file start.tsv (TSV, N, CA and C atoms)
chain	number	residue	atom	x	y	z
A	1	GLN	N	5.30	5.31	17.87
A	1	GLN	CA	4.15	4.90	17.07
A	1	GLN	C	4.04	5.81	15.85
A	2	VAL	N	3.94	5.20	14.69
A	2	VAL	CA	3.87	5.97	13.46
A	2	VAL	C	2.41	6.19	13.08
A	3	GLN	N	2.10	7.37	12.57
A	3	GLN	CA	0.77	7.68	12.05
A	3	GLN	C	0.86	7.79	10.54
A	4	LEU	N	-0.12	7.21	9.87
A	4	LEU	CA	-0.14	7.19	8.42
A	4	LEU	C	-1.35	7.96	7.91
A	5	ARG	N	-1.14	8.72	6.85
A	5	ARG	CA	-2.23	9.47	6.24
A	5	ARG	C	-2.22	9.21	4.75
A	6	ASP	N	-3.24	8.47	4.29
A	6	ASP	CA	-3.28	8.17	2.86
A	6	ASP	C	-4.23	9.11	2.14
A	7	SER	N	-3.96	9.30	0.86
A	7	SER	CA	-4.72	10.24	0.05
A	7	SER	C	-4.56	9.88	-1.42
A	8	GLY	N	-5.33	10.58	-2.27
A	8	GLY	CA	-5.17	10.41	-3.70
A	8	GLY	C	-6.28	9.65	-4.38
A	9	GLY	N	-7.22	9.14	-3.60
A	9	GLY	CA	-8.33	8.41	-4.21
A	9	GLY	C	-9.25	9.33	-4.98
A	10	GLY	N	-10.18	8.72	-5.70
A	10	GLY	CA	-11.14	9.51	-6.46
A	10	GLY	C	-11.92	8.65	-7.41
A	11	LEU	N	-12.63	9.33	-8.31
A	11	LEU	CA	-13.44	8.66	-9.32
A	11	LEU	C	-12.71	8.73	-10.65
A	12	VAL	N	-12.57	7.60	-11.30
A	12	VAL	CA	-11.86	7.55	-12.58
A	12	VAL	C	-12.56	6.56	-13.50
A	13	GLN	N	-12.46	6.79	-14.78
A	13	GLN	CA	-13.04	5.86	-15.74
A	13	GLN	C	-12.13	4.65	-15.92
A	14	ALA	N	-12.72	3.56	-16.32
A	14	ALA	CA	-11.95	2.36	-16.60
A	14	ALA	C	-10.85	2.68	-17.61
A	15	GLY	N	-9.66	2.15	-17.34
A	15	GLY	CA	-8.51	2.43	-18.17
A	15	GLY	C	-7.68	3.61	-17.70
A	16	GLY	N	-8.22	4.36	-16.76
A	16	GLY	CA	-7.52	5.53	-16.25
A	16	GLY	C	-6.50	5.18	-15.19
A	17	SER	N	-5.91	6.24	-14.62
A	17	SER	CA	-4.85	6.07	-13.64
A	17	SER	C	-5.09	6.95	-12.41
A	18	LEU	N	-4.57	6.50	-11.30
A	18	LEU	CA	-4.55	7.28	-10.07
A	18	LEU	C	-3.24	6.97	-9.34
A	19	ARG	N	-2.78	7.92	-8.55
A	19	ARG	CA	-1.64	7.66	-7.68
A	19	ARG	C	-2.04	7.96	-6.24
A	20	LEU	N	-1.94	6.94	-5.43
A	20	LEU	CA	-2.21	7.08	-4.00
A	20	LEU	C	-0.92	7.40	-3.27
A	21	SER	N	-1.04	8.22	-2.25
A	21	SER	CA	0.11	8.56	-1.41
A	21	SER	C	-0.18	8.20	0.03
A	22	CYS	N	0.86	7.89	0.76
A	22	CYS	CA	0.74	7.58	2.18
A	22	CYS	C	1.89	8.27	2.90
A	23	ALA	N	1.57	9.30	3.65
A	23	ALA	CA	2.58	10.06	4.37
A	23	ALA	C	2.69	9.57	5.81
A	24	ALA	N	3.91	9.37	6.27
A	24	ALA	CA	4.14	8.88	7.63
A	24	ALA	C	4.58	10.02	8.54
A	25	SER	N	4.21	9.91	9.81
A	25	SER	CA	4.53	10.96	10.77
A	25	SER	C	5.97	10.91	11.23
A	26	GLU	N	6.58	9.72	11.14
A	26	GLU	CA	7.95	9.57	11.62
A	26	GLU	C	8.94	9.72	10.48
A	27	ARG	N	10.17	10.03	10.87
A	27	ARG	CA	11.23	10.14	9.88
A	27	ARG	C	11.96	8.82	9.68
A	28	THR	N	11.35	7.75	10.17
A	28	THR	CA	12.01	6.45	10.06
A	28	THR	C	11.15	5.46	9.32
A	29	LEU	N	10.42	5.95	8.31
A	29	LEU	CA	9.59	5.03	7.54
A	29	LEU	C	10.42	3.91	6.94
A	30	SER	N	11.70	4.17	6.72
A	30	SER	CA	12.58	3.16	6.15
A	30	SER	C	12.73	1.95	7.06
A	31	ASN	N	12.35	2.10	8.34
A	31	ASN	CA	12.44	0.99	9.28
A	31	ASN	C	11.22	0.08	9.25
A	32	TYR	N	10.28	0.39	8.38
A	32	TYR	CA	9.04	-0.38	8.32
A	32	TYR	C	8.88	-1.05	6.97
A	33	GLY	N	8.36	-2.28	7.00
A	33	GLY	CA	7.79	-2.82	5.78
A	33	GLY	C	6.46	-2.13	5.57
A	34	VAL	N	6.12	-1.79	4.35
A	34	VAL	CA	4.89	-1.07	4.10
A	34	VAL	C	4.09	-1.73	2.99
A	35	GLY	N	2.79	-1.54	3.07
A	35	GLY	CA	1.95	-2.17	2.07
A	35	GLY	C	0.66	-1.41	1.84
A	36	TRP	N	-0.03	-1.82	0.80
A	36	TRP	CA	-1.37	-1.31	0.47
A	36	TRP	C	-2.35	-2.48	0.48
A	37	PHE	N	-3.49	-2.21	1.05
A	37	PHE	CA	-4.58	-3.18	1.08
A	37	PHE	C	-5.84	-2.48	0.61
A	38	ARG	N	-6.84	-3.27	0.21
A	38	ARG	CA	-8.10	-2.67	-0.21
A	38	ARG	C	-9.27	-3.52	0.29
A	39	GLN	N	-10.39	-2.84	0.43
A	39	GLN	CA	-11.60	-3.53	0.87
A	39	GLN	C	-12.79	-2.99	0.10
A	40	ALA	N	-13.43	-3.88	-0.63
A	40	ALA	CA	-14.64	-3.54	-1.37
A	40	ALA	C	-15.85	-3.84	-0.49
A	41	PRO	N	-16.98	-3.21	-0.77
A	41	PRO	CA	-18.18	-3.44	0.05
A	41	PRO	C	-18.55	-4.92	0.09
A	42	GLY	N	-18.77	-5.42	1.31
A	42	GLY	CA	-19.18	-6.81	1.48
A	42	GLY	C	-18.07	-7.82	1.32
A	43	LYS	N	-16.84	-7.35	1.16
A	43	LYS	CA	-15.71	-8.27	0.97
A	43	LYS	C	-14.67	-8.05	2.06
A	44	ALA	N	-13.83	-9.06	2.24
A	44	ALA	CA	-12.75	-8.96	3.21
A	44	ALA	C	-11.64	-8.07	2.67
A	45	ARG	N	-10.87	-7.51	3.58
A	45	ARG	CA	-9.70	-6.74	3.18
A	45	ARG	C	-8.72	-7.64	2.46
A	46	GLU	N	-8.15	-7.15	1.37
A	46	GLU	CA	-7.23	-7.98	0.61
A	46	GLU	C	-5.92	-7.24	0.32
A	47	PHE	N	-4.88	-8.03	0.21
A	47	PHE	CA	-3.55	-7.52	-0.09
A	47	PHE	C	-3.50	-7.00	-1.52
A	48	VAL	N	-2.82	-5.87	-1.70
A	48	VAL	CA	-2.61	-5.30	-3.02
A	48	VAL	C	-1.13	-5.32	-3.39
A	49	ALA	N	-0.31	-4.70	-2.55
A	49	ALA	CA	1.12	-4.60	-2.85
A	49	ALA	C	1.87	-4.29	-1.57
A	50	ALA	N	3.15	-4.64	-1.54
A	50	ALA	CA	3.99	-4.35	-0.38
A	50	ALA	C	5.43	-4.18	-0.82
A	51	ILE	N	6.19	-3.50	0.03
A	51	ILE	CA	7.60	-3.29	-0.24
A	51	ILE	C	8.38	-3.46	1.05
A	52	SER	N	9.47	-4.20	1.00
A	52	SER	CA	10.22	-4.53	2.21
A	52	SER	C	10.95	-3.32	2.76
A	53	ARG	N	11.39	-3.44	4.03
A	53	ARG	CA	11.90	-2.28	4.74
A	53	ARG	C	13.27	-1.83	4.29
A	54	SER	N	14.12	-2.72	3.85
A	54	SER	CA	15.50	-2.28	3.58
A	54	SER	C	15.87	-2.41	2.12
A	55	VAL	N	15.75	-3.60	1.56
A	55	VAL	CA	16.22	-3.79	0.19
A	55	VAL	C	15.17	-3.38	-0.82
A	56	GLY	N	13.95	-3.10	-0.35
A	56	GLY	CA	12.93	-2.59	-1.26
A	56	GLY	C	12.34	-3.62	-2.20
A	57	THR	N	12.36	-4.86	-1.79
A	57	THR	CA	11.72	-5.90	-2.60
A	57	THR	C	10.22	-5.67	-2.64
A	58	THR	N	9.64	-5.82	-3.81
A	58	THR	CA	8.20	-5.56	-3.97
A	58	THR	C	7.42	-6.84	-4.23
A	59	TYR	N	6.18	-6.82	-3.78
A	59	TYR	CA	5.27	-7.95	-3.96
A	59	TYR	C	3.93	-7.39	-4.42
A	60	TYR	N	3.25	-8.14	-5.27
A	60	TYR	CA	1.97	-7.70	-5.79
A	60	TYR	C	0.97	-8.85	-5.80
A	61	ALA	N	-0.28	-8.49	-5.59
A	61	ALA	CA	-1.35	-9.46	-5.81
A	61	ALA	C	-1.42	-9.75	-7.30
A	62	ASP	N	-1.77	-10.96	-7.65
A	62	ASP	CA	-1.85	-11.33	-9.06
A	62	ASP	C	-2.82	-10.43	-9.82
A	63	SER	N	-3.87	-9.98	-9.15
A	63	SER	CA	-4.89	-9.19	-9.81
A	63	SER	C	-4.41	-7.80	-10.23
A	64	VAL	N	-3.31	-7.34	-9.65
A	64	VAL	CA	-2.82	-5.99	-9.99
A	64	VAL	C	-1.43	-6.01	-10.62
A	65	LYS	N	-0.83	-7.17	-10.68
A	65	LYS	CA	0.53	-7.27	-11.22
A	65	LYS	C	0.57	-6.76	-12.66
A	66	GLY	N	1.54	-5.91	-12.93
A	66	GLY	CA	1.67	-5.32	-14.26
A	66	GLY	C	0.90	-4.04	-14.45
A	67	ARG	N	0.00	-3.73	-13.50
A	67	ARG	CA	-0.81	-2.50	-13.61
A	67	ARG	C	-0.49	-1.52	-12.48
A	68	PHE	N	-0.19	-2.03	-11.31
A	68	PHE	CA	0.10	-1.20	-10.14
A	68	PHE	C	1.59	-1.24	-9.83
A	69	THR	N	2.09	-0.13	-9.29
A	69	THR	CA	3.48	-0.07	-8.86
A	69	THR	C	3.56	0.58	-7.49
A	70	ILE	N	4.16	-0.12	-6.54
A	70	ILE	CA	4.38	0.43	-5.21
A	70	ILE	C	5.79	0.98	-5.14
A	71	SER	N	5.93	2.10	-4.46
A	71	SER	CA	7.27	2.69	-4.29
A	71	SER	C	7.30	3.45	-2.98
A	72	ARG	N	8.50	3.79	-2.56
A	72	ARG	CA	8.65	4.55	-1.32
A	72	ARG	C	9.75	5.58	-1.49
A	73	ASP	N	9.57	6.71	-0.84
A	73	ASP	CA	10.58	7.76	-0.80
A	73	ASP	C	10.89	7.98	0.67
A	74	ASN	N	11.94	7.34	1.15
A	74	ASN	CA	12.25	7.41	2.57
A	74	ASN	C	12.61	8.83	3.00
A	75	ALA	N	13.19	9.60	2.11
A	75	ALA	CA	13.55	10.98	2.46
A	75	ALA	C	12.31	11.82	2.74
A	76	LYS	N	11.21	11.49	2.08
A	76	LYS	CA	9.95	12.22	2.28
A	76	LYS	C	9.01	11.48	3.22
A	77	ASN	N	9.44	10.33	3.71
A	77	ASN	CA	8.59	9.52	4.59
A	77	ASN	C	7.24	9.23	3.95
A	78	THR	N	7.27	8.92	2.70
A	78	THR	CA	6.05	8.73	1.94
A	78	THR	C	6.17	7.50	1.05
A	79	MET	N	5.08	6.77	0.91
A	79	MET	CA	5.05	5.70	-0.07
A	79	MET	C	3.89	5.95	-1.01
A	80	TYR	N	3.94	5.29	-2.16
A	80	TYR	CA	2.99	5.56	-3.22
A	80	TYR	C	2.46	4.25	-3.81
A	81	LEU	N	1.31	4.37	-4.42
A	81	LEU	CA	0.77	3.28	-5.23
A	81	LEU	C	0.29	3.88	-6.54
A	82	GLN	N	1.04	3.65	-7.58
A	82	GLN	CA	0.64	4.11	-8.91
A	82	GLN	C	-0.25	3.04	-9.52
A	83	MET	N	-1.45	3.44	-9.88
A	83	MET	CA	-2.43	2.49	-10.41
A	83	MET	C	-2.78	2.88	-11.83
A	84	ASN	N	-2.45	2.01	-12.76
A	84	ASN	CA	-2.74	2.24	-14.18
A	84	ASN	C	-3.73	1.20	-14.68
A	85	SER	N	-4.32	1.48	-15.82
A	85	SER	CA	-5.25	0.55	-16.45
A	85	SER	C	-6.31	0.07	-15.45
A	86	LEU	N	-6.88	1.00	-14.75
A	86	LEU	CA	-7.84	0.65	-13.70
A	86	LEU	C	-9.08	-0.01	-14.26
A	87	LYS	N	-9.61	-0.93	-13.48
A	87	LYS	CA	-10.79	-1.69	-13.86
A	87	LYS	C	-11.89	-1.46	-12.82
A	88	PRO	N	-13.15	-1.63	-13.19
A	88	PRO	CA	-14.22	-1.47	-12.20
A	88	PRO	C	-14.03	-2.35	-10.96
A	89	GLU	N	-13.44	-3.52	-11.14
A	89	GLU	CA	-13.23	-4.40	-9.99
A	89	GLU	C	-12.14	-3.92	-9.05
A	90	ASP	N	-11.45	-2.85	-9.42
A	90	ASP	CA	-10.48	-2.24	-8.50
A	90	ASP	C	-11.15	-1.29	-7.51
A	91	THR	N	-12.44	-1.05	-7.68
A	91	THR	CA	-13.16	-0.15	-6.79
A	91	THR	C	-13.14	-0.69	-5.37
A	92	ALA	N	-12.67	0.16	-4.45
A	92	ALA	CA	-12.54	-0.25	-3.05
A	92	ALA	C	-12.01	0.94	-2.24
A	93	VAL	N	-12.00	0.76	-0.94
A	93	VAL	CA	-11.28	1.67	-0.06
A	93	VAL	C	-9.86	1.13	0.08
A	94	TYR	N	-8.89	1.96	-0.25
A	94	TYR	CA	-7.49	1.56	-0.19
A	94	TYR	C	-6.84	2.15	1.06
A	95	SER	N	-6.09	1.31	1.76
A	95	SER	CA	-5.43	1.75	2.99
A	95	SER	C	-3.96	1.35	2.95
A	96	CYS	N	-3.12	2.26	3.41
A	96	CYS	CA	-1.71	1.91	3.56
A	96	CYS	C	-1.48	1.38	4.97
A	97	ALA	N	-0.42	0.63	5.12
A	97	ALA	CA	-0.12	0.02	6.41
A	97	ALA	C	1.38	-0.13	6.59
A	98	ALA	N	1.81	-0.17	7.85
A	98	ALA	CA	3.24	-0.30	8.15
A	98	ALA	C	3.46	-1.40	9.18
A	99	ASP	N	4.51	-2.17	8.95
A	99	ASP	CA	4.88	-3.28	9.82
A	99	ASP	C	6.26	-3.02	10.40
A	100	PRO	N	6.38	-2.85	11.71
A	100	PRO	CA	7.67	-2.53	12.31
A	100	PRO	C	8.56	-3.73	12.60
A	101	THR	N	8.07	-4.92	12.34
A	101	THR	CA	8.80	-6.14	12.70
A	101	THR	C	10.09	-6.26	11.92
A	102	TYR	N	11.16	-6.64	12.63
A	102	TYR	CA	12.42	-6.94	11.97
A	102	TYR	C	12.43	-8.40	11.57
A	103	TYR	N	12.67	-8.67	10.29
A	103	TYR	CA	12.77	-10.04	9.79
A	103	TYR	C	14.22	-10.30	9.37
A	104	PRO	N	14.77	-11.46	9.73
A	104	PRO	CA	16.15	-11.77	9.32
A	104	PRO	C	16.34	-11.69	7.81
A	105	ASN	N	15.33	-12.09	7.07
A	105	ASN	CA	15.38	-11.97	5.62
A	105	ASN	C	14.95	-10.55	5.25
A	106	SER	N	15.89	-9.73	4.88
A	106	SER	CA	15.60	-8.31	4.63
A	106	SER	C	14.70	-8.09	3.43
A	107	ALA	N	14.52	-9.11	2.62
A	107	ALA	CA	13.66	-8.98	1.45
A	107	ALA	C	12.21	-9.35	1.75
A	108	TYR	N	11.97	-9.84	2.96
A	108	TYR	CA	10.63	-10.33	3.29
A	108	TYR	C	9.73	-9.20	3.76
A	109	VAL	N	8.48	-9.26	3.35
A	109	VAL	CA	7.45	-8.37	3.87
A	109	VAL	C	6.15	-9.16	3.86
A	110	PRO	N	5.37	-9.10	4.91
A	110	PRO	CA	4.16	-9.93	4.97
A	110	PRO	C	3.06	-9.39	4.06
A	111	ILE	N	2.15	-10.29	3.69
A	111	ILE	CA	1.01	-9.89	2.88
A	111	ILE	C	-0.30	-10.07	3.63
A	112	LEU	N	-0.25	-10.53	4.85
A	112	LEU	CA	-1.46	-10.66	5.65
A	112	LEU	C	-1.72	-9.37	6.42
A	113	PRO	N	-2.95	-8.87	6.41
A	113	PRO	CA	-3.24	-7.63	7.13
A	113	PRO	C	-2.91	-7.69	8.61
A	114	ALA	N	-3.06	-8.86	9.22
A	114	ALA	CA	-2.84	-8.98	10.66
A	114	ALA	C	-1.40	-8.70	11.07
A	115	ALA	N	-0.49	-8.76	10.12
A	115	ALA	CA	0.93	-8.53	10.44
A	115	ALA	C	1.26	-7.04	10.56
A	116	TYR	N	0.35	-6.20	10.14
A	116	TYR	CA	0.62	-4.77	10.12
A	116	TYR	C	0.03	-4.09	11.35
A	117	ASP	N	0.83	-3.26	12.00
A	117	ASP	CA	0.41	-2.62	13.24
A	117	ASP	C	-0.22	-1.25	13.03
A	118	TYR	N	0.18	-0.57	11.96
A	118	TYR	CA	-0.25	0.82	11.77
A	118	TYR	C	-0.96	0.97	10.43
A	119	TRP	N	-2.06	1.73	10.45
A	119	TRP	CA	-2.90	1.85	9.27
A	119	TRP	C	-3.29	3.29	9.00
A	120	GLY	N	-3.39	3.61	7.71
A	120	GLY	CA	-3.99	4.88	7.32
A	120	GLY	C	-5.50	4.79	7.44
A	121	GLN	N	-6.16	5.92	7.25
A	121	GLN	CA	-7.61	5.97	7.43
A	121	GLN	C	-8.37	5.44	6.22
A	122	GLY	N	-7.69	5.29	5.10
A	122	GLY	CA	-8.31	4.78	3.89
A	122	GLY	C	-8.73	5.89	2.94
A	123	THR	N	-8.65	5.58	1.66
A	123	THR	CA	-9.07	6.53	0.63
A	123	THR	C	-9.87	5.76	-0.42
A	124	GLN	N	-10.99	6.33	-0.82
A	124	GLN	CA	-11.90	5.64	-1.72
A	124	GLN	C	-11.43	5.76	-3.17
A	125	VAL	N	-11.39	4.64	-3.84
A	125	VAL	CA	-11.12	4.59	-5.28
A	125	VAL	C	-12.34	3.99	-5.96
A	126	THR	N	-12.90	4.73	-6.90
A	126	THR	CA	-14.07	4.27	-7.64
A	126	THR	C	-13.75	4.31	-9.12
A	127	VAL	N	-13.91	3.17	-9.78
A	127	VAL	CA	-13.63	3.06	-11.21
A	127	VAL	C	-14.94	2.78	-11.92
A	128	SER	N	-15.32	3.69	-12.79
A	128	SER	CA	-16.57	3.53	-13.52
A	128	SER	C	-16.32	2.83	-14.85
A	129	SER	N	-17.32	2.08	-15.28
A	129	SER	CA	-17.17	1.32	-16.54
A	129	SER	C	-17.60	2.16	-17.74

call {"tool": "encode", "arguments": {"input": "start.tsv", "output": "structure tokens"}}
result
Amino acid sequence: QVQLRDSGGGLVQAGGSLRLSCAASERTLSNYGVGWFRQAPGKAREFVAAISRSVGTTYYADSVKGRFTISRDNAKNTMYLQMNSLKPEDTAVYSCAADPTYYPNSAYVPILPAAYDYWGQGTQVTVSS
């Protein structure tokens, strides 16, 4: 069972940047599809970005495409979410997640939260206008 610890949230002005990190307890993070999700007050958890386990294919929600970049460093067992050009509507608790499922299509990674077995505790991102 992998444990995830996310960090890097904070308060930033609109147009600013933050980089979130998610450190994994295991040395086999490369065996997991990983993703970032966010949840704003009164709203359901929503997909932000994901990266597949082997070939590193990336997926983004339309709302963050072109502004956010997901990446992973398997040697450090860490994944990142670089967030640029932040908007007030990006304000939410951001959580990283890992999916251990093997998919025949190595480029596939799910975007539904229910597919992920392991979660970080969440880190607050607040963007002021």

call {"tool": "atom_distance", "arguments": {"input": "start.tsv", "atom1": "CA of Gln124 (chain A)", "atom2": "CA of Ser30 (chain A)"}}
result
25.8 Å

call {"tool": "select_by_dssp", "arguments": {"input": "start.tsv", "residues": "chain A", "states": "helix (DSSP H, G or I)", "output": "ChimeraX atom specification"}}
result
/A:29-31,74-76,88-90,113-115

call {"tool": "select_by_dssp", "arguments": {"input": "start.tsv", "residues": "chain A", "states": "strand (DSSP E or B)", "output": "ChimeraX atom specification"}}
result
/A:4-7,10-13,18-24,33-39,46-51,58-60,68-73,78-83,92-99,118-119,123-128

call {"tool": "atom_distance", "arguments": {"input": "start.tsv", "atom1": "CA of Val55 (chain A)", "atom2": "CA of Ala97 (chain A)"}}
result
17.9 Å

call {"tool": "residues_around", "arguments": {"input": "start.tsv", "residues": "Ser95 (chain A)", "least_positions_apart": "5", "cutoff": "7 Å", "atoms": "only N, CA and C atoms", "output": "count of residues only"}}
result
11

call {"tool": "atom_distance", "arguments": {"input": "start.tsv", "atom1": "atom C of Glu46 (chain A)", "atom2": "CA of Arg19 (chain A)"}}
result
17.4 Å

call {"tool": "closest_residue", "arguments": {"input": "start.tsv", "among": "A:Thr126, A:Ser54, A:Ser85, A:Asn77", "to": "Tyr103 (chain A)", "atoms": "only C-alpha atoms"}}
result
A:Ser54

call {"tool": "closest_residue", "arguments": {"input": "start.tsv", "among": "A:Gly10, A:Tyr118, A:Cys22, A:Leu112", "to": "Phe47 (chain A)", "atoms": "all atoms listed in the file"}}
result
A:Leu112

call {"tool": "build_atoms", "arguments": {"input": "start.tsv", "residues": "region 78-87 of chain A", "atoms": "all heavy atoms", "output": "PDB file, in the frame of the given file"}}
result
ATOM      1  N   THR A  78       7.270   8.920   2.700  1.00  0.00           N
ATOM      2  CA  THR A  78       6.050   8.730   1.940  1.00  0.00           C
ATOM      3  C   THR A  78       6.170   7.500   1.050  1.00  0.00           C
ATOM      4  O   THR A  78       7.259   7.221   0.539  1.00  0.00           O
ATOM      5  CB  THR A  78       5.749   9.965   1.073  1.00  0.00           C
ATOM      6  OG1 THR A  78       5.666  11.119   1.908  1.00  0.00           O
ATOM      7  CG2 THR A  78       4.434   9.806   0.326  1.00  0.00           C
ATOM      8  N   MET A  79       5.080   6.770   0.910  1.00  0.00           N
ATOM      9  CA  MET A  79       5.050   5.700  -0.070  1.00  0.00           C
ATOM     10  C   MET A  79       3.890   5.950  -1.010  1.00  0.00           C
ATOM     11  O   MET A  79       2.967   6.721  -0.695  1.00  0.00           O
ATOM     12  CB  MET A  79       4.941   4.342   0.595  1.00  0.00           C
ATOM     13  CG  MET A  79       3.649   4.077   1.331  1.00  0.00           C
ATOM     14  SD  MET A  79       3.612   2.324   1.815  1.00  0.00           S
ATOM     15  CE  MET A  79       2.034   2.259   2.601  1.00  0.00           C
ATOM     16  N   TYR A  80       3.940   5.290  -2.160  1.00  0.00           N
ATOM     17  CA  TYR A  80       2.990   5.560  -3.220  1.00  0.00           C
ATOM     18  C   TYR A  80       2.460   4.250  -3.810  1.00  0.00           C
ATOM     19  O   TYR A  80       3.101   3.202  -3.717  1.00  0.00           O
ATOM     20  CB  TYR A  80       3.683   6.353  -4.338  1.00  0.00           C
ATOM     21  CG  TYR A  80       4.343   7.620  -3.868  1.00  0.00           C
ATOM     22  CD1 TYR A  80       5.703   7.638  -3.560  1.00  0.00           C
ATOM     23  CD2 TYR A  80       3.618   8.793  -3.717  1.00  0.00           C
ATOM     24  CE1 TYR A  80       6.315   8.796  -3.116  1.00  0.00           C
ATOM     25  CE2 TYR A  80       4.222   9.960  -3.278  1.00  0.00           C
ATOM     26  CZ  TYR A  80       5.571   9.950  -2.979  1.00  0.00           C
ATOM     27  OH  TYR A  80       6.187  11.108  -2.537  1.00  0.00           O
ATOM     28  N   LEU A  81       1.310   4.370  -4.420  1.00  0.00           N
ATOM     29  CA  LEU A  81       0.770   3.280  -5.230  1.00  0.00           C
ATOM     30  C   LEU A  81       0.290   3.880  -6.540  1.00  0.00           C
ATOM     31  O   LEU A  81      -0.722   4.588  -6.548  1.00  0.00           O
ATOM     32  CB  LEU A  81      -0.369   2.554  -4.510  1.00  0.00           C
ATOM     33  CG  LEU A  81      -0.918   1.333  -5.252  1.00  0.00           C
ATOM     34  CD1 LEU A  81       0.140   0.213  -5.271  1.00  0.00           C
ATOM     35  CD2 LEU A  81      -2.205   0.822  -4.608  1.00  0.00           C
ATOM     36  N   GLN A  82       1.040   3.650  -7.580  1.00  0.00           N
ATOM     37  CA  GLN A  82       0.640   4.110  -8.910  1.00  0.00           C
ATOM     38  C   GLN A  82      -0.250   3.040  -9.520  1.00  0.00           C
ATOM     39  O   GLN A  82       0.165   1.884  -9.646  1.00  0.00           O
ATOM     40  CB  GLN A  82       1.873   4.332  -9.787  1.00  0.00           C
ATOM     41  CG  GLN A  82       1.547   4.738 -11.211  1.00  0.00           C
ATOM     42  CD  GLN A  82       0.900   6.107 -11.291  1.00  0.00           C
ATOM     43  OE1 GLN A  82       1.321   7.054 -10.629  1.00  0.00           O
ATOM     44  NE2 GLN A  82      -0.135   6.230 -12.109  1.00  0.00           N
ATOM     45  N   MET A  83      -1.450   3.440  -9.880  1.00  0.00           N
ATOM     46  CA  MET A  83      -2.430   2.490 -10.410  1.00  0.00           C
ATOM     47  C   MET A  83      -2.780   2.880 -11.830  1.00  0.00           C
ATOM     48  O   MET A  83      -3.316   3.971 -12.070  1.00  0.00           O
ATOM     49  CB  MET A  83      -3.687   2.487  -9.530  1.00  0.00           C
ATOM     50  CG  MET A  83      -3.401   2.221  -8.059  1.00  0.00           C
ATOM     51  SD  MET A  83      -4.897   2.052  -7.070  1.00  0.00           S
ATOM     52  CE  MET A  83      -5.572   3.694  -7.198  1.00  0.00           C
ATOM     53  N   ASN A  84      -2.450   2.010 -12.760  1.00  0.00           N
ATOM     54  CA  ASN A  84      -2.740   2.240 -14.180  1.00  0.00           C
ATOM     55  C   ASN A  84      -3.730   1.200 -14.680  1.00  0.00           C
ATOM     56  O   ASN A  84      -3.932   0.160 -14.049  1.00  0.00           O
ATOM     57  CB  ASN A  84      -1.454   2.176 -14.989  1.00  0.00           C
ATOM     58  CG  ASN A  84      -0.455   3.241 -14.588  1.00  0.00           C
ATOM     59  OD1 ASN A  84      -0.815   4.335 -14.170  1.00  0.00           O
ATOM     60  ND2 ASN A  84       0.826   2.914 -14.714  1.00  0.00           N
ATOM     61  N   SER A  85      -4.320   1.480 -15.820  1.00  0.00           N
ATOM     62  CA  SER A  85      -5.250   0.550 -16.450  1.00  0.00           C
ATOM     63  C   SER A  85      -6.310   0.070 -15.450  1.00  0.00           C
ATOM     64  O   SER A  85      -6.577  -1.135 -15.335  1.00  0.00           O
ATOM     65  CB  SER A  85      -4.501  -0.650 -17.038  1.00  0.00           C
ATOM     66  OG  SER A  85      -3.535  -0.230 -17.984  1.00  0.00           O
ATOM     67  N   LEU A  86      -6.880   1.000 -14.750  1.00  0.00           N
ATOM     68  CA  LEU A  86      -7.840   0.650 -13.700  1.00  0.00           C
ATOM     69  C   LEU A  86      -9.080  -0.010 -14.260  1.00  0.00           C
ATOM     70  O   LEU A  86      -9.530   0.314 -15.377  1.00  0.00           O
ATOM     71  CB  LEU A  86      -8.198   1.897 -12.895  1.00  0.00           C
ATOM     72  CG  LEU A  86      -7.130   2.333 -11.883  1.00  0.00           C
ATOM     73  CD1 LEU A  86      -7.334   3.779 -11.476  1.00  0.00           C
ATOM     74  CD2 LEU A  86      -7.147   1.423 -10.675  1.00  0.00           C
ATOM     75  N   LYS A  87      -9.610  -0.930 -13.480  1.00  0.00           N
ATOM     76  CA  LYS A  87     -10.790  -1.690 -13.860  1.00  0.00           C
ATOM     77  C   LYS A  87     -11.890  -1.460 -12.820  1.00  0.00           C
ATOM     78  O   LYS A  87     -11.600  -1.145 -11.667  1.00  0.00           O
ATOM     79  CB  LYS A  87     -10.462  -3.180 -13.910  1.00  0.00           C
ATOM     80  CG  LYS A  87      -9.315  -3.550 -14.827  1.00  0.00           C
ATOM     81  CD  LYS A  87      -8.986  -5.028 -14.709  1.00  0.00           C
ATOM     82  CE  LYS A  87      -7.825  -5.421 -15.607  1.00  0.00           C
ATOM     83  NZ  LYS A  87      -7.507  -6.868 -15.497  1.00  0.00           N
TER      84      LYS A  87
END
